[in-house]
Amino acid sequence: MHLSTHNWMRAEPLDTTLRRIKQFGYESIEISGEPDQYNVADTRASLKEHGIRCWGAVTLMLEERNLAAKDEGQRAKSVQYVKDVITMISELDGEIITVVPATVGKVVPDGTPDEEWKWVVDATKECFDHAQKRGVRIAIEPLNRFETYLFNRCAQALALADAVSPQCGVCLDAFHLNIEEEDMYDAIRLAGDRLFDFHVADNNRFAAGLGQLDWAKIVSTLKEVGYDGALTNEFVAPVDRTPAAQYDNMIETDPVDIPPEQLKFIEDHGSSLLSEEFYSDQMRITADTILPLIK
């Protein structure tokens, strides 16, 4: 296993992120699933310069992106978006794309269970076929019920993976597992060798080590099932705007330009534009918690 991180949680130049994570012992990155934001040649050069490899990406299912949409045109555009992310990751020598099938924040279905199942299976199969051609693995990620109504548990993600291909896997996230699973460790065991990726945040969605999750037991269970991929940092720190705030330096006071839809995506997660000082400290805390357990 090795330590990785997402970078969608803060809008900043990729070089800034890579320089930061290198000093804390991160080996790879799951790059933000926005292909239009990255020039492949420049990104490859930055990764090489900082000695960080691309592990993969997660689909940012914001706005109209939805593989389970009723509208055929919307589904087609969503499939093309996922294909574009797959192509980007392939060109960056990445291994994994974590697919969140439905729009994050959408909690009302578009059709009957049978209708939606056909829509999402067919769409995911098309994405999977493209991934196979590009040498990238697909992992279905379930989110908690407050972010999506469609896939909340490991068993549900496995059901979609099974419907797509035996070579399709799942991605689990400790934060979501803690909310939705009867036993998060049994969920990891259920995934077994179909577990292709694992995301890291504590039960309060701060950095690993700042909540109540038993990281030693989580890592031990991952080792038990033979998992040897990334533990990818994905804290989404909830911003406290009251006098009870634990941190007085969380919010960025000099924000950079960020597309409105991406800002909304971050804010819909209960977070905001985070200050560099706070963001960097969360990166360090996760590394301090996880690295001793995986060495």
# chains A, B, ... in the order shown; residues from 1 in each chain; ligands from 1
call {"tool": "residues_around", "arguments": {"residues": "stretch 40-44 of chain A", "least_positions_apart": "4", "cutoff": "12 Å", "atoms": "only C-alpha atoms", "output": "VMD selection string"}}
result
chain A and resid 13 to 15 18 29 31 to 32 34 to 36 48 to 54 85 87 to 94
call {"tool": "residues_around", "arguments": {"residues": "stretch 129-135 of chain A", "least_positions_apart": "3", "cutoff": "8 Å", "atoms": "only C-alpha atoms", "output": "PyMOL selection string"}}
result
chain A and resi 83+86-87+90+95+125-126+138
call {"tool": "select_by_dssp", "arguments": {"residues": "stretch 160-219 of chain A", "states": "alpha helix (DSSP H)", "output": "PyMOL selection string"}}
result
chain A and resi 160-164+174-180+184-191+215-219
call {"tool": "write_last_selection", "arguments": {"atoms": "N, CA and C atoms", "output": "compact mmCIF listing (two decimals), in the first residue's frame"}}
result
# COMPACT_ATOMS: atom_id res chain seq x y z
N LEU A 160 -23.36 -3.48 -9.19
CA LEU A 160 -23.13 -2.81 -10.47
C LEU A 160 -21.86 -3.35 -11.13
N ALA A 161 -20.81 -3.51 -10.35
CA ALA A 161 -19.57 -4.05 -10.91
C ALA A 161 -19.80 -5.43 -11.52
N ASP A 162 -20.56 -6.28 -10.82
CA ASP A 162 -20.87 -7.62 -11.34
C ASP A 162 -21.66 -7.55 -12.65
N ALA A 163 -22.58 -6.58 -12.73
CA ALA A 163 -23.40 -6.43 -13.94
C ALA A 163 -22.58 -5.93 -15.12
N VAL A 164 -21.47 -5.27 -14.82
CA VAL A 164 -20.63 -4.71 -15.88
C VAL A 164 -19.60 -5.73 -16.38
N ALA A 174 -13.66 5.41 3.74
CA ALA A 174 -13.88 5.18 5.17
C ALA A 174 -14.99 6.07 5.73
N PHE A 175 -15.07 7.31 5.27
CA PHE A 175 -16.09 8.22 5.75
C PHE A 175 -17.48 7.70 5.43
N HIS A 176 -17.70 7.26 4.19
CA HIS A 176 -19.01 6.75 3.79
C HIS A 176 -19.30 5.41 4.45
N LEU A 177 -18.28 4.55 4.54
CA LEU A 177 -18.47 3.25 5.19
C LEU A 177 -18.99 3.43 6.61
N ASN A 178 -18.42 4.39 7.32
CA ASN A 178 -18.78 4.61 8.72
C ASN A 178 -20.24 5.01 8.88
N ILE A 179 -20.80 5.64 7.86
CA ILE A 179 -22.21 6.06 7.91
C ILE A 179 -23.15 4.94 7.52
N GLU A 180 -22.81 4.21 6.47
CA GLU A 180 -23.79 3.34 5.81
C GLU A 180 -23.69 1.85 6.12
N MET A 184 -18.08 -1.84 8.93
CA MET A 184 -17.23 -1.35 7.85
C MET A 184 -16.13 -2.35 7.51
N TYR A 185 -15.70 -3.13 8.48
CA TYR A 185 -14.63 -4.11 8.25
C TYR A 185 -15.17 -5.28 7.41
N ASP A 186 -16.40 -5.68 7.69
CA ASP A 186 -17.02 -6.73 6.86
C ASP A 186 -17.25 -6.23 5.43
N ALA A 187 -17.51 -4.94 5.28
CA ALA A 187 -17.68 -4.38 3.94
C ALA A 187 -16.37 -4.47 3.16
N ILE A 188 -15.27 -4.21 3.83
CA ILE A 188 -13.96 -4.35 3.17
C ILE A 188 -13.72 -5.80 2.79
N ARG A 189 -14.08 -6.71 3.70
CA ARG A 189 -13.91 -8.14 3.41
C ARG A 189 -14.81 -8.58 2.25
N LEU A 190 -16.01 -8.01 2.19
CA LEU A 190 -16.93 -8.34 1.10
C LEU A 190 -16.34 -7.93 -0.24
N ALA A 191 -15.70 -6.78 -0.28
CA ALA A 191 -15.07 -6.32 -1.53
C ALA A 191 -13.93 -7.24 -1.92
N TRP A 215 -7.93 3.57 12.67
CA TRP A 215 -7.15 3.43 11.44
C TRP A 215 -6.25 2.21 11.46
N ALA A 216 -5.76 1.83 12.61
CA ALA A 216 -4.94 0.61 12.70
C ALA A 216 -5.77 -0.61 12.29
N LYS A 217 -7.02 -0.67 12.74
CA LYS A 217 -7.88 -1.80 12.39
C LYS A 217 -8.29 -1.74 10.92
N ILE A 218 -8.54 -0.53 10.41
CA ILE A 218 -8.89 -0.40 9.00
C ILE A 218 -7.75 -0.90 8.11
N VAL A 219 -6.54 -0.43 8.39
CA VAL A 219 -5.38 -0.84 7.58
C VAL A 219 -5.12 -2.33 7.74
call {"tool": "closest_residue", "arguments": {"among": "A:Glu181, A:Pro238, A:Glu141, A:Ala244", "to": "A:Arg194", "atoms": "only C-alpha atoms"}}
result
A:Glu141
call {"tool": "residues_around", "arguments": {"residues": "A:Met61", "least_positions_apart": "4", "cutoff": "8 Å", "atoms": "only C-alpha atoms", "output": "number ranges by chain"}}
result
A: 65-66, 100-104
call {"tool": "closest_residue", "arguments": {"among": "A:Leu210, A:Val108, A:Val236, A:Ala68", "to": "A:Val121", "atoms": "only C-alpha atoms"}}
result
A:Ala68
call {"tool": "atom_distance", "arguments": {"atom1": "atom CA of A:Gly211", "atom2": "atom CA of A:Asp173"}}
result
14.7 Å
call {"tool": "closest_residue", "arguments": {"among": "A:Leu222, A:Leu293, A:Cys168, A:Leu60", "to": "A:Gly209", "atoms": "only C-alpha atoms"}}
result
A:Leu293
call {"tool": "select_by_dssp", "arguments": {"residues": "stretch 57-230 of chain A", "states": "strand (DSSP E or B)", "output": "NGL selection string"}}
result
:A and (57-59 or 96-99 or 106 or 137-140 or 148 or 169-173 or 195-200 or 230)
call {"tool": "write_last_selection", "arguments": {"atoms": "N, CA and C atoms", "output": "mmCIF file, in the first residue's frame"}}
result
data_model
loop_
_atom_site.group_PDB
_atom_site.id
_atom_site.type_symbol
_atom_site.label_atom_id
_atom_site.label_comp_id
_atom_site.auth_asym_id
_atom_site.auth_seq_id
_atom_site.Cartn_x
_atom_site.Cartn_y
_atom_site.Cartn_z
ATOM 1 N N ALA A 57 -7.952 8.977 -10.945
ATOM 2 C CA ALA A 57 -8.847 10.137 -10.803
ATOM 3 C C ALA A 57 -10.186 9.653 -10.297
ATOM 4 N N VAL A 58 -10.955 10.589 -9.779
ATOM 5 C CA VAL A 58 -12.344 10.312 -9.409
ATOM 6 C C VAL A 58 -13.225 11.196 -10.272
ATOM 7 N N THR A 59 -14.336 10.657 -10.739
ATOM 8 C CA THR A 59 -15.266 11.464 -11.526
ATOM 9 C C THR A 59 -15.949 12.480 -10.616
ATOM 10 N N ILE A 96 -6.238 3.853 -12.257
ATOM 11 C CA ILE A 96 -7.579 3.723 -11.692
ATOM 12 C C ILE A 96 -8.438 4.921 -12.050
ATOM 13 N N ILE A 97 -9.695 4.672 -12.366
ATOM 14 C CA ILE A 97 -10.690 5.738 -12.335
ATOM 15 C C ILE A 97 -11.805 5.289 -11.408
ATOM 16 N N THR A 98 -12.054 6.109 -10.400
ATOM 17 C CA THR A 98 -13.138 5.857 -9.473
ATOM 18 C C THR A 98 -14.398 6.512 -10.017
ATOM 19 N N VAL A 99 -15.416 5.704 -10.289
ATOM 20 C CA VAL A 99 -16.642 6.208 -10.896
ATOM 21 C C VAL A 99 -17.738 6.321 -9.844
ATOM 22 N N LYS A 106 -27.805 14.640 -5.728
ATOM 23 C CA LYS A 106 -29.128 14.268 -6.261
ATOM 24 C C LYS A 106 -29.691 13.135 -5.419
ATOM 25 N N ARG A 137 -8.288 0.623 -14.965
ATOM 26 C CA ARG A 137 -9.299 -0.115 -14.215
ATOM 27 C C ARG A 137 -10.386 0.832 -13.715
ATOM 28 N N ILE A 138 -11.619 0.320 -13.667
ATOM 29 C CA ILE A 138 -12.747 1.100 -13.150
ATOM 30 C C ILE A 138 -13.170 0.548 -11.796
ATOM 31 N N ALA A 139 -13.389 1.463 -10.844
ATOM 32 C CA ALA A 139 -13.880 1.103 -9.510
ATOM 33 C C ALA A 139 -15.123 1.925 -9.207
ATOM 34 N N ILE A 140 -16.216 1.254 -8.870
ATOM 35 C CA ILE A 140 -17.478 1.923 -8.533
ATOM 36 C C ILE A 140 -17.441 2.343 -7.069
ATOM 37 N N THR A 148 -26.126 10.802 -2.358
ATOM 38 C CA THR A 148 -26.771 10.099 -3.469
ATOM 39 C C THR A 148 -27.746 9.070 -2.926
ATOM 40 N N GLY A 169 -14.279 -3.259 -10.583
ATOM 41 C CA GLY A 169 -14.141 -3.344 -9.135
ATOM 42 C C GLY A 169 -14.888 -2.260 -8.401
ATOM 43 N N VAL A 170 -14.528 -2.076 -7.138
ATOM 44 C CA VAL A 170 -15.173 -1.059 -6.307
ATOM 45 C C VAL A 170 -14.095 -0.223 -5.611
ATOM 46 N N CYS A 171 -14.506 0.956 -5.213
ATOM 47 C CA CYS A 171 -13.698 1.833 -4.365
ATOM 48 C C CYS A 171 -14.501 2.090 -3.099
ATOM 49 N N LEU A 172 -13.864 1.978 -1.960
ATOM 50 C CA LEU A 172 -14.539 2.262 -0.697
ATOM 51 C C LEU A 172 -13.898 3.467 -0.032
ATOM 52 N N ASP A 173 -14.695 4.193 0.715
ATOM 53 C CA ASP A 173 -14.275 5.413 1.398
ATOM 54 C C ASP A 173 -14.641 5.265 2.869
ATOM 55 N N LEU A 195 -11.592 -4.920 -4.522
ATOM 56 C CA LEU A 195 -11.315 -3.589 -4.001
ATOM 57 C C LEU A 195 -10.121 -3.014 -4.751
ATOM 58 N N PHE A 196 -10.385 -1.997 -5.559
ATOM 59 C CA PHE A 196 -9.347 -1.420 -6.413
ATOM 60 C C PHE A 196 -8.795 -0.099 -5.862
ATOM 61 N N ASP A 197 -9.512 0.536 -4.942
ATOM 62 C CA ASP A 197 -9.094 1.844 -4.439
ATOM 63 C C ASP A 197 -9.734 2.053 -3.073
ATOM 64 N N PHE A 198 -9.075 2.889 -2.234
ATOM 65 C CA PHE A 198 -9.606 3.144 -0.902
ATOM 66 C C PHE A 198 -9.346 4.597 -0.542
ATOM 67 N N HIS A 199 -10.426 5.317 -0.170
ATOM 68 C CA HIS A 199 -10.331 6.743 0.147
ATOM 69 C C HIS A 199 -10.339 6.971 1.661
ATOM 70 N N VAL A 200 -9.620 7.985 2.079
ATOM 71 C CA VAL A 200 -9.320 8.188 3.492
ATOM 72 C C VAL A 200 -9.827 9.544 3.990
ATOM 73 N N ALA A 230 -3.622 2.238 -3.332
ATOM 74 C CA ALA A 230 -3.449 3.512 -2.641
ATOM 75 C C ALA A 230 -4.446 3.677 -1.506
#
